[in-house]
Structure formats: structure tokens, C-alpha cells
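Enquirer: Sharing a structure with you now.
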Amino acid sequence: MVVPSLKLQDLIEEIRGAKTQAQEREVIQKECAHIRASFRDGDPVHRHRQLAKLLYVHMLGYPAHFGQMECLKLIASSRFTDKRVGYLGAMLLLDERHDAHLLITNSIKNDLSQGIQPVQGLALCTLSTMGSAEMCRDLAPEVEKLLLQPSPYVRKKAILTAVHMIRKVPELSSVFLPPCAQLLHERHHGILLGTITLITELCERSPAALRHFRKVVPQLVHILRTLVTMGYSTEHSISGVSDPFLQVQILRLLRILGRNHEESSETMNDLLAQVATNTDTSRNAGNAVLFETVLTIMDIRSAAGLRVLAVNILGRFLLNSDRNIRYVALTSLLRLVQSDHSAVQRHRPTVVECLRETDASLSRRALELSLALVNSSNVRAMMQELQAFLESCPPDLRADCASGILLAAERFAPTKRWHIDTILHVLTTAGTHVRDDAVANLTQLIGGAQELHAYSVRRLYNALAEDISQQPLVQVAAWCIGEYGDLLLAGNCEEIEPLQVDEEEVLALLEKVLQSHMSLPATRGYALTALMKLSTRLCGDNNRIRQVVSIYGSCLDVELQQRAVEYDTLFRKYDHMRAAILEKMPLVERDGPQADEEAKESKEAAQLSEAAPVPTEPQASQLLDLLDLLDGASGDVQHPPPLDPSPGGALIHLLDLPCVPPPPASCSVTQAGVQWRDLGSLQPLPPGFKLFLCLSLPSPGLSSHPRSQSV
Amino acid sequence: MQFMLLFSRQGKLRLQKWYVPLSDKEKKKITRELVQTVLARKPKMCSFLEWRDLKIVYKRYASLYFCCAIEDQDNELITLEIIHRYVELLDKYFGSVCELDIIFNFEKAYFILDEFLLGGEVQETSKKNVLKAIEQADLLQEKTETMYHSKSFIGFKKAY
């Protein structure tokens, strides 16, 4: 007795009844075996049912490739049921990469030319979904014939199939271009819609077609006008808007035709104004049409008044309670902010309001737009808003917000003090998210603003005292305290509340930074150097500092150890030079670390040559010659003559310190640390070798220094 | 439109319509990732998101998510209307549609979609016309079934 095969719905029930994944798999495997057997035995009556079951199983993720041939058989069958399922199977299972798919070409051809309308519809649908380039080439003539058929049902499908064919085989444009003119006269909405889609596709692909179709602009305008002014028609309207799908498509085509073309744009102006003002915007359908209108207005050569109207519509969208509408408004305004900056500026308050959105994708858009709207006149107000946003924004936006604020501050800062305050605020709020060069920028900024040294160091000290976890902030603060420690202790500064700071407090704070497990190796380096500098700035004896320095002489971190040892030696052997070496850094210029390096080099070289009791002239000048290498002319390799070690030459002793292998040539110039060279043992310098004699230049790259380890 | 996916709150796929040629593996990967992304969205968030280089428009109707991937120049708001229109068509056809209807009659869901969209573009903007076309096709199917079964009934008798 033949077991009748399961009906589709029964199978679905059984699968859904399975309690576990394994059970489901079992049911499906069993059924697939039946299906395979049935395909083999060629039971024609239930073949469609078997394939339908297979398609269901396929949707659940199971393999179904063995059903491909059955699709072909079903499509070739004369039963409508078979064809229906067969074509569906073809769309789901056949892959254009495998040649098997070409086998249905013949069936489709037959169905297109001889089939009844529903069958023609199936064939066209399948062709437009999975038709490969070869199939399209083969079947283009059939489809072309169908464009002229009387039945709108088939024609509208044929037109959209033509769209697909042109996408696959652009050369077919020549076949499908001529019928368009006539098709535009049709009244049937489906045909019109298809035709406009077809024309849009043709124009996007070929400038010649674009020129050709410019002449239908008046006709399109007429169609759209009729659509907009005709009364409510239940068949095609959505919430009082006549056929929004068709309207949007026409507007899109008008956009393409009017782009960069004065005459066409002019023809459209009135209509666009009409649509923009008369469309009912209480529901999404109206807003969709309005949105497309705005996009078109902004893209063509429209009148200035119309452009302003469009931007205002977007501004109104921003106030809409519907989140989706606010989203498209923000996206569009972002696109327009470059070209129509002043118009968008008018909506700045609303945009800033959007920063408070709870939806992350909306607040991201609002952030980008806000940053684009910052200019010199509104920078203070905007920064306030953006800083408030930074404090409460979701973590994935922090980095962008921080860098955006810093960039804007750099471009539009009204005063240096404001700039320093802003950067400080960003560092305190989102220190971990700022870019590496923020530290360097801030130190350079502070260094360059002499009148603000006292103010900066005081503020940084306060910030540091509160929180030592934000690394960039700690680094800058340490540097500042080291450089301007004397101003900190002096106690008076007009711009900020007077603060009595004790020497011991300052030292204790720096030690805390050194010892904290939160501090990066680079930060520790900053702190150590700062302590060292304070040894000349403070009045007390330096025992505490010397103690710390000597402790770190045995630190595991190589960089830190090296510094500590060098500083220790500075205390012990070269105490008389300490003040000179640790002097305040000169004011730097913004345009290059080279410039300030050279300034420092020459200054310190001069001091070295002064301090050394018996420097022979040629030696000093040789040193200076070496320093001139820092001009950056990497090809300029100077071979210094080996310096004679003269016993009395303190210069040589000074340099007779543990040598460090030169950093790789690719390291940036600002990568610092105190690196003393044993000039006595110098070989001809490799090209690009940099000689570092400057103390504690801000070194943003230090944290990525190959040798640094976290202790 | 590049593709449309329908999936449940548990991430089970109920319908997949692809208008771009992709391998089965790629389709599975995209489906998996996109389903995850959309299901992770909170209920109050907007219906649009950017994913890879596509714009995704999604809307939840009861227990089903309707998710469309459109291209950069496409209008997101009208895509929402497309989704809504499709739901209305399903509703009219099944009479107050629910997820189970789409599970047990998935081929019908495909047929309805294929009368509304073609090659990723809207082919018919009149609800009436779409439903009429489906009705006619269903009628035709029934007619051929009864014809065939009356014939095969005789055949059945013969075999036994």
C-alpha cells in the first residue's frame, strides 16, 4: 500500500511540533528522503506538493539543491499549480552562477509567447528576480513584444522586467528606449509607474538617454500636477495623498532630469513649490512625498526661494514627533550643510535639541550636524552644548564627540584661555577617548601662552588632585606642574581662586601618580621628569625627590629605569648643571616639532659648552655640527671626527653615560625621553639618525614605544 | 530594493525575497547578521539603520519583523509605506493575518508579494488590483486541481 505523502501543512505542523533541534532535524531528514524518492519515481500528481515542502525546509536552513531539477520539470508542466510552485522554486533555489539555471530559459520563452496571462506573469516575475545576463539577452525580444500587449497586467510586469534586463545587460537599453515615449501616455498607474522606473534606469545609465528624455519633463510635470490636484481616489490614495508611490517616482525622475540643467529645472519650479506646500503631512505617506520633493529641490537648479523653503521643511521635520522623520531630516541636512550653510544654520537650535535624543542613531546624526554647524560666531554656545552632550552621550559616540570638540576648538577658539579650558574639560570628561596627539597639542598650547601659565598649572593641579585616572589629563598636568611648579606655589593668580599649595602636597601628588596602577608607563615617565624639574623649581631640599629617583633606578620598566638612573647621575655627578638642563622650555612655535627641537638643542648646547670648563672649540662646534643634523635632511650624513677623550673635558664625561641603542629611523622626532649618547664611541651616523638632547618633550607616541612595558 | 526578510522575534525566518544574486552561503550570513542587528534594537528607536553600505528599513507588526534593504538613493519613508501596503495586502487576503498564517501558507505570501513588487520595484499601486490578480490565480489553480483530480480519480481506481 502506497503511503500517501504528507500534505504541506501537515509537515509544517510536524516540524513545529518537534521539541528539540535534533528532533526537528530527524523529521526533516526523513521527509527529505521521501521527497527525494518521489522525485526519482516521478510521481507527477504530487510533485508540486513535494517541492513546496522542500521549499519550506529550505527556508528553515536545510539543503535543498536536489530540488532544482524538479523546478524545471514543474515549470515545463502544463498545470498551473505546477507552474506556480515551479517558478517559486526557481526563484528560491536556482543560482545564476551555476549553468543549470539556463535550462529554464526555454520554458520561460514558451510561457512568455504562448501562455495565458497568469502564466506570463509568473514567467516575467521569475525572469526579473533571478534572470542572469544570458537569459536576459535571450529573452529580450519576447519581453519587448509584451510591452505592446493590450493587457495592463502583463504590460506592467514586462516593463519592470525590462528594467531588470537593463541592469543586467546595459546594451539592451537601445531595445527598451523607444517604447517609453508611448508608454508615458498610458493612464494605468501600474504601467506609468513601471515606465517612469524604466526611464529613470535608462537615464542613470547613459547621458545620451538623459538628454533624450529631458524633453518629457513637461509631460511629467503634467502627470504629477494631475495626480496632485485630482480628488481623492480610494483605489490609489494613502491617507489623502494620491498614489504616493507614483508621486515619489516621478519626483525622483525629475530630480535626475533637472540636475545641472537650467531649463528643465525652471519648468519644474512651480510644480515643486505646489507639491511642497499642498501635500498633507499628517501621515507618513505625505511626508514621504514631501521628503522626495525636498531632495529634488535641493538637487536641481532651483530658485533661491524654493531652496529656502526646502530647508525650512527639513527644519519642520526636525520638530516632528515621529522619530523616523527626524532621522531623514538630520541625514538630509547633513548633506546640505556644505552647500547651503547659512540656511541650515537657521535651524541650529533645533539640531542642538536633537542631541538629547535617546535613540543613538539619531543623536549620532545630530552630533555630526552640530559639529558641521560650528563657526566663529556661535562657537561658545555650541561648545557648551557639545560638552554637555559629551558628559551624557553613549560610549560609542564619545570618541567622535571628543575629537570633534577638540577640532572645532582649534579652529574657532576665541581666546587661548577658553581653548585651554575647553581641552581641559574634554580631558576630564572623556580622557580615555581622545586621540593621542591631544596631549601634545595641549602642552604646546599652554607652553605658547605665557600669560596663562599660572592659570593653567593651577587648574591642572586641581583637576589632577581630584582624579588621577584619566591618562591624557594626568600627563599634561604632570608636565605642567613640572614646568611651572614655581608659579603653582607662588599662590596668587588673578583668574582663579587663590590656592595655597604646599611643596609637600605637590610632591606627594606626583608620587601618587608614579605609584598608581592606573598610570601608563608614559604617564609615569612624565611624572618622574616633572619631579626632577621640580628639584630646581622648589625651594626646599631635594631629598624626597632624590629618594624617589633612586628608587626608580631599579624599576622594571626599562624606559623609566633609564630616566631614573640618568636623573640620579645628574644629582650625584652633575649637580652644577642641573639647573641649566632643567630650565623652563622656550616658547615653541606651532609649525613643527623640528623647530622647537632645534631651539632647544642650540640653547642647551650653548649651555653645555658654557658649563664645561675645558671644552675645546672644535669639540663644541662639532657638537653643534652634530645637532645641525636635526635639520631633517636625512640624506645629510655628517661624519663627525671621533672626539678625543680629554680627561678634563667635563663635556665628555657628561656624555659618558649608558648608551641607548638608537630608536628605529621611523620614530617621530617628538619621541623623546632623555637619551644621552656616548659621543666618544660614535660611528658614522646612519641617515636620519636623530640626536635627542631635549628633556621631556611631550611624547605622544611614547605609550606605543616598542620597549615600554606595563609594570 | 535589494532584499526583503520577514522574521519572528526569536529570529526564525518566515520569508526571504532576494532581488540581487547572492550565493546561499552569503544569504545565510547576511540573514543571520541582520536579524541579530535588528533584534538588538530597542522598541523606541527609529526604523532606519545603516548596515554595511545599505540602508535598512524595518518595522515590527505583532510578532513579525518586516525588514527591507534599500540603496542609498532610495526614499526610506516610502519604503515604510511599501512594507505597510504589503501587510495590508496580507491582512486582506488572510483576513486579519497573523504569523501562523504566513508560516502555514508561505507560498501564498510569496505569491502576494510577487503581485505587488517585481524586480525590487513597486508594480501595482492599487490594492484592489493586486488582490484581484491573486484571486484569479487562486481560482485558476482550483480549476486545474479539480480537473486534474477528476481525471486522476479514474486513474486511481484503475491502479487498485
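Naming works like this for the C-alpha cells: A, B, ... for the chains as they're shown, residue 1 at the start of each chain, ligands 1 onward in shown order.
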If DSSP is run on the backbone, what residues of segment 184-324 of chain A are helix (DSSP H, G or I)? A reply as an MDAnalysis selection string would be ideal.
Expert: chainID A and resid 189:205 207:229 244:258 262:278 284:299 304:318 323:324
Enquirer: With a distance cut-off of 12 Å and only C-alpha atoms, select the neighbouring residues of Arg60 of chain B, excluding the residue or stretch itself and same-chain residues fewer than 3 positions from it, and output the selection as a list in words.
Expert: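 Surrounding residues, per the criterion: Leu5, Leu6, Phe7, Ser8, Arg9, Val38, Leu39, Arg41, Lys42, Pro43, Lys44, Met45, Cys46, Ser47, Val57, Ser63, Leu64, Tyr65, Phe66, Cys67, Cys68, Leu80, Ile83, His84, Val87 and Glu99 of chain B.
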Enquirer: With only C-alpha atoms considered, list every residue of chain B at most 8 Å from chain A, as a VMD selection string.
Expert: chain B and resid 12 to 16 18 to 23 28 44 to 49 75 to 78 81 104 to 107 110 114 118 to 128 137 140 to 141 144 to 145
Enquirer: May I have the residues within 9 Å of Asp486 of chain A as a ChimeraX atom specification, using only C-alpha atoms and disregarding those fewer than 2 positions away in the same chain?
Expert: /A:454,481-484,488-490,534,537-539
Enquirer: Can you check which residues of segment 1-149 of chain B DSSP gives as strand (DSSP E) on the backbone and send them as a PyMOL selection string?
Expert: chain B and resi 3-8+13-18+48-51+54-61+64-70+117-118+121-122
Enquirer: Could you write out the selected residues, including N, CA and C atoms, as a CSV table (one decimal), in the first residue's frame?
Expert:
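Output file out_38.csv follows:
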chain,number,residue,atom,x,y,z
B,3,PHE,N,16.7,43.4,-1.0
B,3,PHE,CA,16.0,42.2,-0.4
B,3,PHE,C,15.1,42.5,0.7
B,4,MET,N,14.2,41.6,0.9
B,4,MET,CA,13.2,41.7,2.0
B,4,MET,C,13.2,40.5,2.8
B,5,LEU,N,13.2,40.6,4.1
B,5,LEU,CA,13.2,39.5,5.0
B,5,LEU,C,12.1,39.6,6.0
B,6,LEU,N,11.4,38.5,6.3
B,6,LEU,CA,10.4,38.5,7.4
B,6,LEU,C,10.9,37.5,8.4
B,7,PHE,N,11.0,37.9,9.7
B,7,PHE,CA,11.4,37.0,10.7
B,7,PHE,C,10.7,37.3,12.0
B,8,SER,N,10.7,36.2,12.8
B,8,SER,CA,10.0,36.3,14.1
B,8,SER,C,10.8,36.9,15.2
B,13,LEU,N,13.3,32.7,10.4
B,13,LEU,CA,13.0,33.3,9.1
B,13,LEU,C,11.6,32.8,8.6
B,14,ARG,N,10.8,33.7,8.1
B,14,ARG,CA,9.5,33.3,7.6
B,14,ARG,C,9.3,33.6,6.2
B,15,LEU,N,10.1,34.5,5.6
B,15,LEU,CA,10.0,34.7,4.2
B,15,LEU,C,11.3,35.4,3.8
B,16,GLN,N,11.9,35.1,2.6
B,16,GLN,CA,13.1,35.8,2.2
B,16,GLN,C,13.0,36.0,0.7
B,17,LYS,N,13.0,37.3,0.3
B,17,LYS,CA,12.9,37.6,-1.1
B,17,LYS,C,14.2,38.4,-1.5
B,18,TRP,N,15.0,37.8,-2.4
B,18,TRP,CA,16.3,38.4,-2.8
B,18,TRP,C,16.2,38.9,-4.2
B,48,PHE,N,15.1,53.1,10.9
B,48,PHE,CA,16.1,53.1,9.9
B,48,PHE,C,17.5,52.8,10.5
B,49,LEU,N,18.3,52.1,9.9
B,49,LEU,CA,19.6,51.9,10.4
B,49,LEU,C,20.6,51.7,9.2
B,50,GLU,N,21.8,52.0,9.4
B,50,GLU,CA,22.8,51.8,8.3
B,50,GLU,C,23.5,50.6,8.6
B,51,TRP,N,23.6,49.7,7.6
B,51,TRP,CA,24.3,48.4,7.8
B,51,TRP,C,25.1,48.1,6.6
B,54,LEU,N,24.3,49.5,3.0
B,54,LEU,CA,22.9,49.6,2.7
B,54,LEU,C,22.1,50.3,3.8
B,55,LYS,N,20.9,50.8,3.4
B,55,LYS,CA,20.0,51.4,4.3
B,55,LYS,C,19.0,50.3,4.7
B,56,ILE,N,18.8,50.1,5.9
B,56,ILE,CA,17.8,49.0,6.3
B,56,ILE,C,16.6,49.7,6.9
B,57,VAL,N,15.4,49.3,6.4
B,57,VAL,CA,14.2,49.9,6.9
B,57,VAL,C,13.4,48.7,7.5
B,58,TYR,N,13.0,48.8,8.7
B,58,TYR,CA,12.4,47.7,9.3
B,58,TYR,C,11.2,48.2,10.1
B,59,LYS,N,10.2,47.3,10.2
B,59,LYS,CA,9.0,47.6,11.1
B,59,LYS,C,8.5,46.3,11.7
B,60,ARG,N,8.1,46.4,12.9
B,60,ARG,CA,7.5,45.3,13.6
B,60,ARG,C,6.0,45.3,13.6
B,61,TYR,N,5.4,44.2,13.1
B,61,TYR,CA,4.0,44.1,13.2
B,61,TYR,C,3.7,42.8,14.0
B,64,LEU,N,6.1,39.7,14.1
B,64,LEU,CA,6.9,39.6,12.9
B,64,LEU,C,7.7,40.9,12.6
B,65,TYR,N,8.9,40.8,12.2
B,65,TYR,CA,9.7,41.9,11.7
B,65,TYR,C,9.7,41.9,10.2
B,66,PHE,N,9.4,43.0,9.6
B,66,PHE,CA,9.5,43.2,8.2
B,66,PHE,C,10.7,44.0,7.9
B,67,CYS,N,11.7,43.5,7.2
B,67,CYS,CA,12.9,44.2,7.0
B,67,CYS,C,13.3,44.3,5.6
B,68,CYS,N,13.6,45.5,5.1
B,68,CYS,CA,13.9,45.7,3.7
B,68,CYS,C,15.3,46.4,3.6
B,69,ALA,N,16.1,46.0,2.6
B,69,ALA,CA,17.4,46.7,2.4
B,69,ALA,C,17.3,47.5,1.1
B,70,ILE,N,17.5,48.8,1.3
B,70,ILE,CA,17.3,49.6,0.1
B,70,ILE,C,18.7,50.3,-0.2
B,117,LEU,N,5.4,43.6,-5.8
B,117,LEU,CA,6.7,44.1,-6.2
B,117,LEU,C,7.2,43.2,-7.3
B,118,LEU,N,8.0,43.8,-8.2
B,118,LEU,CA,8.6,43.0,-9.2
B,118,LEU,C,10.1,43.5,-9.4
B,121,GLU,N,10.9,46.6,-7.5
B,121,GLU,CA,10.2,47.8,-7.6
B,121,GLU,C,8.7,47.6,-7.5
B,122,VAL,N,8.0,48.6,-7.1
B,122,VAL,CA,6.6,48.5,-7.0
B,122,VAL,C,5.9,48.4,-8.4
Enquirer: Have a look at atom CA of Thr281 of chain A and atom CA of Thr200 of chain A and let me know their distance in Å, one decimal.
Expert: 26.2 Å
Enquirer: Quick one: pull the distance between atom CA of Ile300 of chain A and atom CA of Gln247 of chain A, Å, one decimal.
Expert: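 Computed distance, atom CA of Ile300 of chain A to atom CA of Gln247 of chain A, equals 17.2 Å.
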Enquirer: So the first atom is atom CA of Leu369 of chain A and the second is atom CA of Thr296 of chain A; what is the distance between them in Å, to one decimal place?
Expert: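 Calculated distance between atom CA of Leu369 of chain A and atom CA of Thr296 of chain A is 20.8 Å.
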Enquirer: Excluding same-chain residues fewer than 4 positions from Glu391 of chain A, what lies within 8 Å of it counting only C-alpha atoms, as a list of chain:residue names?
Expert: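 In the requested form, the answer reads A:Gln387, A:Thr429, A:Ala430.
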Enquirer: Could those selected residues go to a file with all heavy atoms, as a PDB file, in the first residue's frame?
Expert:
ATOM      1  N   GLN A 387      29.695  70.008  25.011  1.00  0.00           N
ATOM      2  CA  GLN A 387      30.338  69.474  26.206  1.00  0.00           C
ATOM      3  C   GLN A 387      29.321  68.827  27.129  1.00  0.00           C
ATOM      4  O   GLN A 387      29.582  67.782  27.724  1.00  0.00           O
ATOM      5  CB  GLN A 387      31.100  70.587  26.935  1.00  0.00           C
ATOM      6  CG  GLN A 387      32.425  70.856  26.277  1.00  0.00           C
ATOM      7  CD  GLN A 387      33.088  72.096  26.817  1.00  0.00           C
ATOM      8  OE1 GLN A 387      32.447  72.942  27.411  1.00  0.00           O
ATOM      9  NE2 GLN A 387      34.383  72.199  26.619  1.00  0.00           N
ATOM     10  N   THR A 429      36.364  64.917  31.088  1.00  0.00           N
ATOM     11  CA  THR A 429      35.141  64.142  30.879  1.00  0.00           C
ATOM     12  C   THR A 429      35.389  62.860  30.110  1.00  0.00           C
ATOM     13  O   THR A 429      34.816  61.824  30.413  1.00  0.00           O
ATOM     14  CB  THR A 429      34.127  64.945  30.056  1.00  0.00           C
ATOM     15  OG1 THR A 429      34.456  66.300  30.119  1.00  0.00           O
ATOM     16  CG2 THR A 429      32.733  64.695  30.544  1.00  0.00           C
ATOM     17  N   ALA A 430      36.199  62.944  29.085  1.00  0.00           N
ATOM     18  CA  ALA A 430      36.320  61.774  28.196  1.00  0.00           C
ATOM     19  C   ALA A 430      37.767  61.497  27.883  1.00  0.00           C
ATOM     20  O   ALA A 430      38.121  61.213  26.752  1.00  0.00           O
ATOM     21  CB  ALA A 430      35.540  62.041  26.917  1.00  0.00           C
TER      22      ALA A 430
END
Enquirer: Which residues are near Tyr86 of chain B? Cut-off 9 Å, only C-alpha atoms, ignore same chain within fewer than 5 positions. Put them as a ChimeraX atom specification.
Expert: /B:81,91,112-113,116
Enquirer: Dump N, CA, C and O atoms for the selected residues as a PDB file, in the first residue's frame?
Expert:
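Result written to out-v4.pdb:
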ATOM      1  N   GLU B  81       6.076  52.786   3.624  1.00  0.00           N
ATOM      2  CA  GLU B  81       4.753  52.635   3.031  1.00  0.00           C
ATOM      3  C   GLU B  81       4.649  51.329   2.267  1.00  0.00           C
ATOM      4  O   GLU B  81       3.595  50.694   2.248  1.00  0.00           O
ATOM      5  N   ASP B  91      -3.176  41.067   5.094  1.00  0.00           N
ATOM      6  CA  ASP B  91      -4.295  41.133   6.018  1.00  0.00           C
ATOM      7  C   ASP B  91      -5.615  40.910   5.290  1.00  0.00           C
ATOM      8  O   ASP B  91      -6.471  40.169   5.746  1.00  0.00           O
ATOM      9  N   ILE B 112       1.650  36.741  -3.158  1.00  0.00           N
ATOM     10  CA  ILE B 112       1.110  38.086  -2.963  1.00  0.00           C
ATOM     11  C   ILE B 112       2.208  39.115  -3.151  1.00  0.00           C
ATOM     12  O   ILE B 112       2.026  40.145  -3.822  1.00  0.00           O
ATOM     13  N   LEU B 113       3.364  38.843  -2.573  1.00  0.00           N
ATOM     14  CA  LEU B 113       4.476  39.778  -2.717  1.00  0.00           C
ATOM     15  C   LEU B 113       4.828  39.958  -4.184  1.00  0.00           C
ATOM     16  O   LEU B 113       5.114  41.067  -4.643  1.00  0.00           O
ATOM     17  N   PHE B 116       2.813  42.450  -5.963  1.00  0.00           N
ATOM     18  CA  PHE B 116       2.969  43.832  -5.502  1.00  0.00           C
ATOM     19  C   PHE B 116       4.307  44.424  -5.936  1.00  0.00           C
ATOM     20  O   PHE B 116       4.392  45.545  -6.418  1.00  0.00           O
TER      21      PHE B 116
END
